[in-house]
Each structure stands twice: as C-alpha cells, then as structure tokens.
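Have a look at run-v6.cif; it's mmCIF, C-alpha atoms:
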data_input
#
loop_
_atom_site.label_atom_id
_atom_site.label_comp_id
_atom_site.auth_asym_id
_atom_site.auth_seq_id
_atom_site.Cartn_x
_atom_site.Cartn_y
_atom_site.Cartn_z
CA MET W 1 -147.69 63.94 -20.77
CA PHE W 2 -147.42 66.19 -23.82
CA ARG W 3 -145.26 64.32 -26.37
CA LEU W 4 -146.01 66.13 -29.64
CA PHE W 5 -142.40 67.10 -30.27
CA ASP W 6 -141.18 63.56 -29.53
CA ALA W 7 -143.42 62.09 -32.23
CA PRO W 8 -141.97 61.07 -35.63
CA GLU W 9 -142.32 63.60 -38.44
CA ARG W 10 -144.24 61.04 -40.53
CA GLU W 11 -147.04 59.51 -38.50
CA PRO W 12 -147.99 55.83 -39.04
CA SER W 13 -151.14 56.80 -40.96
CA GLN W 14 -149.00 57.96 -43.87
CA PHE W 15 -147.84 54.41 -44.62
CA VAL W 16 -151.21 52.66 -45.06
CA GLY W 17 -153.02 52.05 -48.33
CA PHE W 18 -155.33 54.80 -49.67
CA ALA W 19 -153.60 57.41 -47.46
CA GLY W 20 -151.24 58.91 -50.03
CA ASN W 21 -153.59 61.61 -51.29
CA ARG W 22 -151.67 64.77 -52.23
CA ILE W 23 -154.60 66.73 -53.67
CA ASP W 24 -155.08 70.28 -52.40
CA ARG W 25 -158.81 70.24 -51.68
CA GLN W 26 -159.17 74.05 -51.39
CA ALA W 27 -162.39 73.50 -49.43
CA GLU W 28 -162.74 77.17 -48.54
CA SER W 29 -163.12 78.20 -52.19
CA ARG W 30 -165.73 75.68 -53.37
CA ASP W 31 -168.88 77.23 -54.84
CA GLY W 32 -171.42 76.76 -57.60
CA ASN W 33 -168.89 77.63 -60.29
CA SER W 34 -166.10 75.32 -59.13
CA ILE W 35 -166.86 72.34 -61.35
CA GLY W 36 -167.43 74.34 -64.51
CA ALA W 37 -164.18 76.23 -64.07
CA ALA W 38 -162.28 73.01 -63.32
CA LEU W 39 -163.64 71.17 -66.37
CA ALA W 40 -162.71 74.13 -68.57
CA HIS W 41 -159.09 74.01 -67.42
CA PRO W 42 -156.90 72.51 -70.19
CA ALA W 43 -155.03 70.33 -67.68
CA ALA W 44 -158.12 68.90 -65.97
CA ARG W 45 -157.88 65.17 -65.22
CA LEU W 46 -160.71 62.82 -64.31
CA LEU W 47 -160.97 59.52 -62.46
CA ILE W 48 -163.78 57.30 -63.79
CA LEU W 49 -165.44 54.81 -61.43
CA ARG W 50 -168.30 52.37 -61.82
CA ASP W 51 -169.58 49.32 -59.89
CA GLY W 52 -166.75 49.37 -57.36
CA ARG W 53 -164.11 49.52 -60.08
CA ALA W 54 -161.86 52.22 -61.48
CA HIS W 55 -161.15 52.59 -65.18
CA LEU W 56 -157.40 52.30 -65.81
CA LYS W 57 -155.73 52.78 -69.19
CA LEU W 58 -152.65 50.88 -70.24
CA ALA W 59 -149.64 53.20 -70.39
CA ASP W 60 -145.90 52.43 -70.62
CA GLY W 61 -146.29 48.91 -69.27
CA GLY W 62 -148.40 50.06 -66.32
CA PHE W 63 -151.73 51.72 -65.61
CA ASP W 64 -152.83 55.34 -65.66
CA PRO W 65 -156.06 56.14 -63.74
CA TYR W 66 -156.48 59.65 -65.17
CA PHE W 67 -158.35 60.77 -68.29
CA ASP W 68 -158.70 64.14 -69.92
CA LEU W 69 -162.19 65.48 -70.59
CA ALA W 70 -162.28 64.33 -74.23
CA GLU W 71 -161.25 60.79 -73.23
CA ALA W 72 -163.85 60.74 -70.45
CA GLU W 73 -166.60 61.80 -72.83
CA THR W 74 -165.54 59.16 -75.35
CA LEU W 75 -165.92 56.56 -72.58
CA ARG W 76 -169.38 58.03 -71.81
CA ALA W 77 -168.44 59.05 -68.30
CA ARG W 78 -171.30 60.81 -66.52
CA VAL W 79 -169.73 64.26 -66.66
CA ASP W 80 -173.07 65.72 -65.51
CA GLN W 81 -172.42 63.98 -62.15
CA VAL W 82 -168.76 64.95 -61.80
CA VAL W 83 -167.25 65.99 -58.46
CA LEU W 84 -164.20 68.15 -57.90
CA LEU W 85 -161.58 66.43 -55.75
CA GLY W 86 -159.23 69.41 -55.71
CA PHE W 87 -156.01 70.48 -57.37
CA SER W 88 -152.67 68.81 -58.06
CA ASP W 89 -149.53 70.61 -59.16
CA SER W 90 -150.61 70.13 -62.78
CA GLY W 91 -154.24 71.21 -62.48
CA PRO W 92 -157.76 70.22 -61.35
CA VAL W 93 -158.58 66.62 -60.44
CA LEU W 94 -162.17 65.43 -60.75
CA ALA W 95 -164.11 62.17 -60.63
CA ALA W 96 -167.15 60.97 -62.55
CA PRO W 97 -169.30 57.83 -62.60
CA GLY W 98 -168.57 55.58 -65.55
CA GLY W 99 -171.17 55.20 -68.27
CA LEU W 100 -170.01 51.95 -69.87
CA PRO W 101 -170.04 48.51 -68.22
CA ALA W 102 -166.69 46.77 -68.04
CA GLU W 103 -167.39 44.44 -70.98
CA GLN W 104 -168.00 47.39 -73.30
CA LEU W 105 -164.75 49.22 -72.60
CA PRO W 106 -162.00 49.39 -75.27
CA GLU W 107 -159.20 46.84 -75.03
CA SER W 108 -156.83 49.53 -73.76
CA ILE W 109 -159.06 50.30 -70.74
CA LYS W 110 -159.45 47.93 -67.82
CA ALA W 111 -162.07 48.13 -65.06
CA ILE W 112 -160.36 46.89 -61.89
CA ASP W 113 -161.83 46.74 -58.40
CA TYR W 114 -160.40 49.06 -55.75
CA ARG W 115 -159.10 46.28 -53.50
CA SER W 116 -157.10 44.70 -56.33
CA ILE W 117 -155.69 48.07 -57.33
CA TYR W 118 -154.27 48.65 -53.87
CA THR W 119 -153.16 45.09 -53.07
CA GLN W 120 -151.37 44.74 -56.43
CA GLY W 121 -149.90 48.26 -56.40
CA LEU W 122 -151.30 49.12 -59.82
CA VAL W 123 -151.16 52.89 -59.31
CA ASP W 124 -148.89 55.16 -57.28
CA PRO W 125 -149.82 56.08 -53.67
CA SER W 126 -151.03 59.59 -54.52
CA ALA W 127 -153.40 58.25 -57.20
CA LEU W 128 -154.59 55.55 -54.80
CA GLY W 129 -155.40 58.22 -52.22
CA ALA W 130 -157.31 60.23 -54.82
CA LEU W 131 -159.19 57.06 -55.75
CA ALA W 132 -160.33 56.62 -52.13
CA GLN W 133 -161.57 60.21 -52.04
CA ALA W 134 -163.40 59.80 -55.35
CA ALA W 135 -164.96 56.43 -54.51
CA SER W 136 -166.27 57.61 -51.15
CA LEU W 137 -167.69 60.84 -52.53
CA LEU W 138 -169.38 59.27 -55.56
CA ALA W 139 -170.85 56.49 -53.39
CA TRP W 140 -172.37 59.13 -51.11
CA HIS W 141 -173.95 60.96 -54.05
CA ALA W 142 -175.41 57.71 -55.40
CA THR W 143 -177.21 56.98 -52.13
CA HIS W 144 -178.32 60.51 -51.17
CA ARG W 145 -180.34 61.65 -54.17
CA PHE W 146 -183.34 62.35 -51.94
CA CYS W 147 -183.73 64.63 -48.96
CA GLY W 148 -183.71 62.96 -45.56
CA ARG W 149 -185.98 65.70 -44.22
CA CYS W 150 -188.81 65.87 -46.78
CA GLY W 151 -188.04 63.13 -49.33
CA HIS W 152 -187.76 65.37 -52.38
CA ASN W 153 -184.93 65.39 -54.93
CA THR W 154 -181.58 66.91 -54.04
CA GLU W 155 -178.92 68.32 -56.34
CA SER W 156 -175.15 68.50 -56.06
CA SER W 157 -173.56 71.77 -54.96
CA ASP W 158 -170.22 73.24 -53.88
CA GLY W 159 -168.12 71.12 -56.20
CA GLY W 160 -169.83 67.93 -55.06
CA TYR W 161 -169.35 68.39 -51.32
CA LYS W 162 -172.96 69.27 -50.60
CA ARG W 163 -176.42 68.29 -51.77
CA VAL W 164 -179.29 70.74 -51.49
CA CYS W 165 -182.96 69.80 -51.37
CA LEU W 166 -184.94 71.39 -54.20
CA ASN W 167 -188.03 71.54 -51.99
CA CYS W 168 -187.06 72.53 -48.45
CA ASN W 169 -183.53 73.80 -49.18
CA ALA W 170 -181.97 71.54 -46.56
CA GLY W 171 -178.24 71.02 -46.98
CA HIS W 172 -176.73 67.54 -46.79
CA PHE W 173 -173.01 66.78 -46.52
CA PRO W 174 -170.82 63.74 -47.30
CA ARG W 175 -170.64 61.12 -44.61
CA THR W 176 -167.71 59.17 -43.24
CA ASP W 177 -168.41 56.10 -41.11
CA PRO W 178 -165.88 55.63 -38.28
CA VAL W 179 -164.74 52.07 -37.59
CA ALA W 180 -162.53 51.02 -34.70
CA ILE W 181 -159.98 48.35 -35.65
CA MET W 182 -157.98 47.07 -32.70
CA LEU W 183 -155.21 44.66 -31.88
CA THR W 184 -155.63 43.27 -28.37
CA VAL W 185 -152.25 42.49 -26.84
CA THR W 186 -150.33 41.30 -23.81
CA GLN W 187 -146.57 41.61 -23.48
CA GLU W 188 -145.98 38.51 -25.62
CA LYS W 189 -149.28 37.61 -27.34
CA CYS W 190 -151.83 39.26 -29.57
CA LEU W 191 -155.42 38.34 -30.33
CA MET W 192 -156.58 37.88 -33.93
CA GLY W 193 -159.70 36.51 -35.54
CA ARG W 194 -160.94 35.10 -38.84
CA GLY W 195 -164.03 36.37 -40.60
CA ARG W 196 -165.92 33.89 -42.74
CA HIS W 197 -165.13 35.85 -45.91
CA PHE W 198 -161.36 35.98 -45.27
CA ALA W 199 -158.82 34.47 -47.63
CA PRO W 200 -157.65 30.98 -46.59
CA GLY W 201 -155.36 31.06 -43.57
CA MET W 202 -155.70 34.80 -42.94
CA TYR W 203 -156.10 36.22 -39.43
CA SER W 204 -156.55 39.89 -38.62
CA ALA W 205 -157.32 42.46 -35.95
CA LEU W 206 -160.92 42.74 -34.76
CA ALA W 207 -163.04 45.68 -35.92
CA GLY W 208 -166.46 47.26 -35.55
CA PHE W 209 -168.39 50.46 -36.20
CA ILE W 210 -168.29 53.24 -33.63
CA GLU W 211 -171.81 53.99 -32.48
CA PRO W 212 -173.41 57.40 -31.80
CA GLY W 213 -172.36 58.94 -28.49
CA GLU W 214 -169.38 56.59 -28.15
CA THR W 215 -165.70 57.48 -27.83
CA ILE W 216 -163.11 55.62 -29.87
CA GLU W 217 -161.74 53.97 -26.73
CA ALA W 218 -165.20 52.87 -25.58
CA ALA W 219 -165.91 51.35 -28.99
CA VAL W 220 -162.60 49.45 -28.91
CA ARG W 221 -163.44 47.99 -25.50
CA ARG W 222 -167.05 47.18 -26.40
CA GLU W 223 -166.28 45.53 -29.74
CA THR W 224 -163.44 43.44 -28.30
CA PHE W 225 -165.65 42.16 -25.49
CA GLU W 226 -168.58 41.49 -27.82
CA GLU W 227 -166.51 39.61 -30.38
CA ALA W 228 -164.03 37.78 -28.17
CA GLY W 229 -165.10 38.11 -24.51
CA ILE W 230 -161.84 39.92 -23.70
CA ARG W 231 -161.97 42.94 -21.39
CA LEU W 232 -159.52 45.75 -22.10
CA GLY W 233 -157.68 48.15 -19.84
CA ARG W 234 -155.62 50.80 -21.54
CA VAL W 235 -156.41 51.73 -25.15
CA VAL W 236 -154.05 53.77 -27.32
CA TYR W 237 -154.47 55.16 -30.82
CA HIS W 238 -151.95 54.18 -33.50
CA ALA W 239 -153.07 55.21 -37.01
CA SER W 240 -156.07 55.74 -39.29
CA GLN W 241 -156.91 54.77 -42.86
CA PRO W 242 -159.50 56.02 -45.35
CA TRP W 243 -161.29 52.94 -46.64
CA PRO W 244 -163.55 53.43 -49.70
CA PHE W 245 -165.95 50.53 -49.01
CA PRO W 246 -167.96 52.70 -49.33
CA HIS W 247 -166.96 55.68 -47.13
CA THR W 248 -165.26 54.50 -43.96
CA LEU W 249 -162.46 55.79 -41.75
CA MET W 250 -160.59 52.94 -40.04
CA ILE W 251 -159.24 54.07 -36.65
CA GLY W 252 -156.48 51.73 -35.52
CA CYS W 253 -155.79 51.13 -31.82
CA PHE W 254 -154.02 48.80 -29.42
CA GLY W 255 -155.87 47.43 -26.41
CA GLU W 256 -154.42 45.96 -23.21
CA ALA W 257 -155.97 42.56 -22.42
CA LEU W 258 -157.14 42.07 -18.85
CA ASN W 259 -158.10 38.41 -19.31
CA GLU W 260 -157.06 35.70 -21.78
CA ASP W 261 -160.03 33.28 -21.82
CA ILE W 262 -161.69 33.76 -25.22
CA HIS W 263 -165.46 33.56 -25.69
CA PRO W 264 -165.81 34.24 -29.43
CA ASP W 265 -168.93 35.46 -31.16
CA THR W 266 -169.28 32.63 -33.66
CA TRP W 267 -171.81 34.64 -35.65
CA GLU W 268 -169.14 37.27 -36.39
CA LEU W 269 -166.02 35.10 -36.37
CA GLU W 270 -165.04 31.75 -37.79
CA ASP W 271 -162.15 31.54 -35.32
CA CYS W 272 -160.38 33.68 -32.73
CA ARG W 273 -157.13 32.86 -30.96
CA TRP W 274 -153.98 34.15 -29.31
CA PHE W 275 -150.74 34.24 -31.29
CA SER W 276 -147.22 34.46 -29.87
CA ARG W 277 -144.86 37.14 -31.11
CA ALA W 278 -142.66 34.52 -32.82
CA GLU W 279 -145.67 33.05 -34.62
CA VAL W 280 -146.81 36.50 -35.80
CA LEU W 281 -143.33 37.27 -37.12
CA ASP W 282 -143.48 34.04 -39.13
CA MET W 283 -146.88 35.06 -40.51
CA LEU W 284 -145.49 38.45 -41.54
CA ALA W 285 -142.52 36.78 -43.21
CA GLY W 286 -144.70 34.29 -45.08
CA SER W 287 -143.01 31.36 -43.37
CA HIS W 288 -145.68 30.17 -40.91
CA ALA W 289 -145.58 26.40 -40.57
CA GLY W 290 -149.35 26.16 -40.84
CA GLY W 291 -149.60 28.51 -43.80
CA LEU W 292 -151.31 31.23 -41.77
CA CYS W 293 -150.95 34.88 -42.83
CA VAL W 294 -152.03 38.43 -42.02
CA PRO W 295 -153.68 41.05 -44.27
CA PRO W 296 -151.60 42.66 -47.06
CA SER W 297 -149.16 45.45 -46.32
CA GLY W 298 -151.50 48.26 -47.36
CA ALA W 299 -154.11 47.36 -44.75
CA ILE W 300 -154.10 49.16 -41.42
CA ALA W 301 -154.48 45.77 -39.71
CA HIS W 302 -151.12 44.77 -41.16
CA HIS W 303 -149.51 47.91 -39.74
CA LEU W 304 -151.00 47.30 -36.28
CA ILE W 305 -149.81 43.70 -36.30
CA ARG W 306 -146.31 44.56 -37.57
CA ALA W 307 -145.89 47.47 -35.15
CA TRP W 308 -146.64 45.20 -32.20
CA ALA W 309 -144.66 42.18 -33.44
CA GLU W 310 -141.52 44.22 -34.14
CA SER W 311 -141.72 46.38 -31.02
#

Show this structure as structure tokens.
Amino acid sequence: MFRLFDAPEREPSQFVGFAGNRIDRQAESRDGNSIGAALAHPAARLLILRDGRAHLKLADGGFDPYFDLAEAETLRARVDQVVLLGFSDSGPVLAAPGGLPAEQLPESIKAIDYRSIYTQGLVDPSALGALAQAASLLAWHATHRFCGRCGHNTESSDGGYKRVCLNCNAGHFPRTDPVAIMLTVTQEKCLMGRGRHFAPGMYSALAGFIEPGETIEAAVRRETFEEAGIRLGRVVYHASQPWPFPHTLMIGCFGEALNEDIHPDTWELEDCRWFSRAEVLDMLAGSHAGGLCVPPSGAIAHHLIRAWAES
C-alpha cells in the first residue's frame, strides 16, 4: 500500500550520527575550475583530516573543525589534494589531508578520531555530517591513485568527485560500500550479538556487507542466517547512516524471526542471544542488572534497538 503521505516529515535517518550534513553539493556544476574558485573565495573553510582523525581547534570552550586557507597552510595541510564538499550559507566547504602528525600540532589544535568526535558530541550535527563526507571522499582518493583498467596514475577531477587516468582516460568515481545492519525480532524478543572488539558488556544488531547482485532484503536474510542460524520472513527498511570507516552506507532493517534456536558463527561473534523487551529497555536506560548496554545514541544500531523496544 502506498503510504508516502502517512510517513513522518523527518525520517529516522535524520536522527543518526554523521547524517546531519547540510552542505549544498551542487553536483551539476562541478568542473575543472571548481576547486580553484572555491579556494579563492574569502569565506572558504576547510576540514583537515589525517590518519583517521580530524584536526579540531579550541574555540570558546569547545571545538571548531573548520580552518581558513591561511590556517590550513600554516598547518601544512595538503591543499594540492583538496576536495570540494560543496557550499554552506557562508561559502565553500572543502577538505584536505593533514600534513602534520598529531604530535607536531600546536597546543591549540587537537587531532581526534572520528568515532570519539561523534560519541562525545564534540562538533554540531552539520559539521559531523560534513566530516563523514570528507573522510569518505579523502579515503577513496588515497586508495585509488592508480587506474583499475591499465594501472597508470590517475588525477583528481570535477572538484574531487572523479579521478581520470592519465594514460587511457578512464574515469573513476567515489565508492560507497553498502552494509545491511538488521535487528531480528519477534513480538517480545530481539536478537543481538557481541563482536570480539566490542566494548565490555555491549550487544548490538548484526551486520554484513551487501554482495554484488543482492537485494537489501536478501542480504539481511543471508547475513542473519550465516551469523546466527535464524531464518527470516518479512524484512522492512527503517533508516540509513553514512559511516566514514572508510566509506560505508549502513542500511538499517528489521527482520521477522521464523525460528528461535540460535546457531552462532563463533568466528564472527563472541556471543549471540535473545533479549526481552524489558531487558532491552533496561540496557537503553543504563540500568541493566548485569551491566549490559547497547551502542551509543548516534549509532544506527541504537536507533533500531530503541525503535523496537519502545514500539
């Protein structure tokens, strides 16, 4: 049934971490002159990223992730490798790889990893969204310096949204890796697992990469069966989240469990179990008797878990 006009005006994806990007990308107007014109704009601002961290400057008791061109050059940002993210109300927004390691930065500049920035709320949602865009795009450039067709050098084009081979002229475009993240549920229980790298006591939704030629729903069913031995019936989409580690789109879904006997993949998971709604609500409230918890509020897994527990 067509339910577009019954949907909320703000979809669930707008409330996850890294999704607050307000930059006008102006994709249709990107060309070979875009970066030069943007850098020449007096209000141009740059994000500086290096080694999975963003450079943040101390400002008014908080952090400011943006630098003007003179500041970026003082910090030896690789302005020759800059990409144009788009335009804010105040002017162009760009991103460049950092030139200085963290230990050589001035005292007023901190290099903080992306995950800490979002979990600790160090910058506002719009800046966090811009950071995700910048991190994903710069990571793609760093790993696609050579042509996949002939192996020769490529160079950046179209504001950083294309690389062109200098030998065969093949065009290459930024990649986004789709990942299905799914909460398997019954009427009163949900299935969550623990990866070996998780924080102590944390359980989360299962997840896995979507493979070529596979629908989102098929990936949700396959990954759930492979990781937990649970077969799914109905699958419904809930929300998505850009995830800059390095250039992933998390696609959040709910899956209807058809069986409850778990056969976990112990290579992938340290533990996998069913949780009652009451137990999940305690985990969300931070009052679980066993000290168990769910991912932080910015994570799409948190939103899946909360949406089910409070429904």

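Using all atoms listed in the file, the residues found no farther than 6 Å from range 248-262 of chain W, other than those of its own chain fewer than 2 positions away, are Thr176, Asp177, Pro178, Val179, Ala180, Ile181, Met182, Leu183, Thr184, Val185, Thr186, Ala228, Gly229, Ile230, Arg231, Leu232, Gly233, Arg234, Val235, Val236, Tyr237, His238, Ala239, Ser240, Gln241, Pro242, Trp243 and Pro264 of chain W.
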
Counting only C-alpha atoms, the residue of W:Gln133, W:Asn169, W:Thr215, W:Ser276 that sits nearest Ala19 in chain W: W:Gln133

Among listed residues W:Ala134, W:Ala139, W:Cys150, W:Leu191, nearest Arg175 in chain W (using only C-alpha atoms):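 Among W:Ala134, W:Ala139, W:Cys150, W:Leu191, it is W:Ala139 that comes nearest to Arg175 in chain W.
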
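The two atoms in question, CA of Asn167 in chain W and CA of Leu85 in chain W, are spaced 27.2 Å apart.
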
Explicit residue set for the PyMOL selection byres ((chain W and resi 147) around 12), as a PyMOL selection string: chain W and resi 141+143-146+148-156+162-173

Expansion of the PyMOL selection byres ((chain W and resi 42-49) around 8) into residues, as a list of chain:residue names: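 This file, filtered by the PyMOL selection byres ((chain W and resi 42-49) around 8), leaves W:Ala38, W:Leu39, W:Ala40, W:His41, W:Arg50, W:Asp51, W:Gly52, W:Arg53, W:Ala54, W:His55, W:Pro65, W:Tyr66, W:Phe67, W:Asp68, W:Leu69, W:Ala72, W:Ala77, W:Ser90, W:Gly91, W:Pro92, W:Val93, W:Leu94, W:Ala95, W:Ala96, W:Pro97, W:Gly98, W:Leu131, W:Ala134, W:Ala135.
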
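Residue neighbourhood of Phe198 in chain W, excluding near-sequence residues (fewer than 6 positions): W:Ser204, W:Glu268, W:Leu269, W:Glu270, W:Asp271, W:Leu292, W:Cys293, W:Val294, W:Pro295, W:Pro296, at 12 Å, using all atoms listed in the file.
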
Between CA of Glu188 in chain W and CA of Arg277 in chain W, distance in Å (one decimal): 5.8 Å

Separation of CA of Gly20 in chain W from CA of Ser116 in chain W in Å: 16.6 Å

Option closest in space to Leu75 in chain W, from W:Gly159, W:Pro101, W:Gly61, W:Gly36 [counting all atoms listed in the file]: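 The shortest atom-to-atom distance to Leu75 in chain W comes from W:Pro101.
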
Polymer residues at most 6 Å from (-158.1, 38.9, -40.1) by all atoms listed in the file, as an NGL selection string: :W and (193-194 or 202-205)

Emit the selected residues as a compact mmCIF listing (two decimals), keeping the file's coordinate frame, including C-alpha atoms.
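Below you can see selection37.txt, which holds the result:
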# COMPACT_ATOMS: atom_id res chain seq x y z
CA GLY W 193 -159.70 36.51 -35.54
CA ARG W 194 -160.94 35.10 -38.84
CA MET W 202 -155.70 34.80 -42.94
CA TYR W 203 -156.10 36.22 -39.43
CA SER W 204 -156.55 39.89 -38.62
CA ALA W 205 -157.32 42.46 -35.95

Proximity to Ile35 in chain W - best of W:Val16, W:Ala278, W:Ile305, W:Val82, all atoms listed in the file: W:Val82

Selected residue of minimal separation from Ala37 in chain W among W:Ile117, W:Ile112, W:Leu84, W:Ala7, counting all atoms listed in the file: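 Comparing W:Ile117, W:Ile112, W:Leu84, W:Ala7 against Ala37 in chain W, the winner is W:Leu84.
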
Result set, the PyMOL selection byres ((chain W and resi 308-310) around 7) on current file, as a list in words: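 After applying the PyMOL selection byres ((chain W and resi 308-310) around 7), what remains is Arg277, Val280, Leu281, Leu304, Ile305, Arg306, Ala307 and Ser311 of chain W.
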
Of the listed residues W:Arg222, W:His197, W:Arg25, W:Lys57, that which approaches Ala130 in chain W most closely, counting all atoms listed in the file: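 Selected residue with least distance to Ala130 in chain W: W:Arg25.
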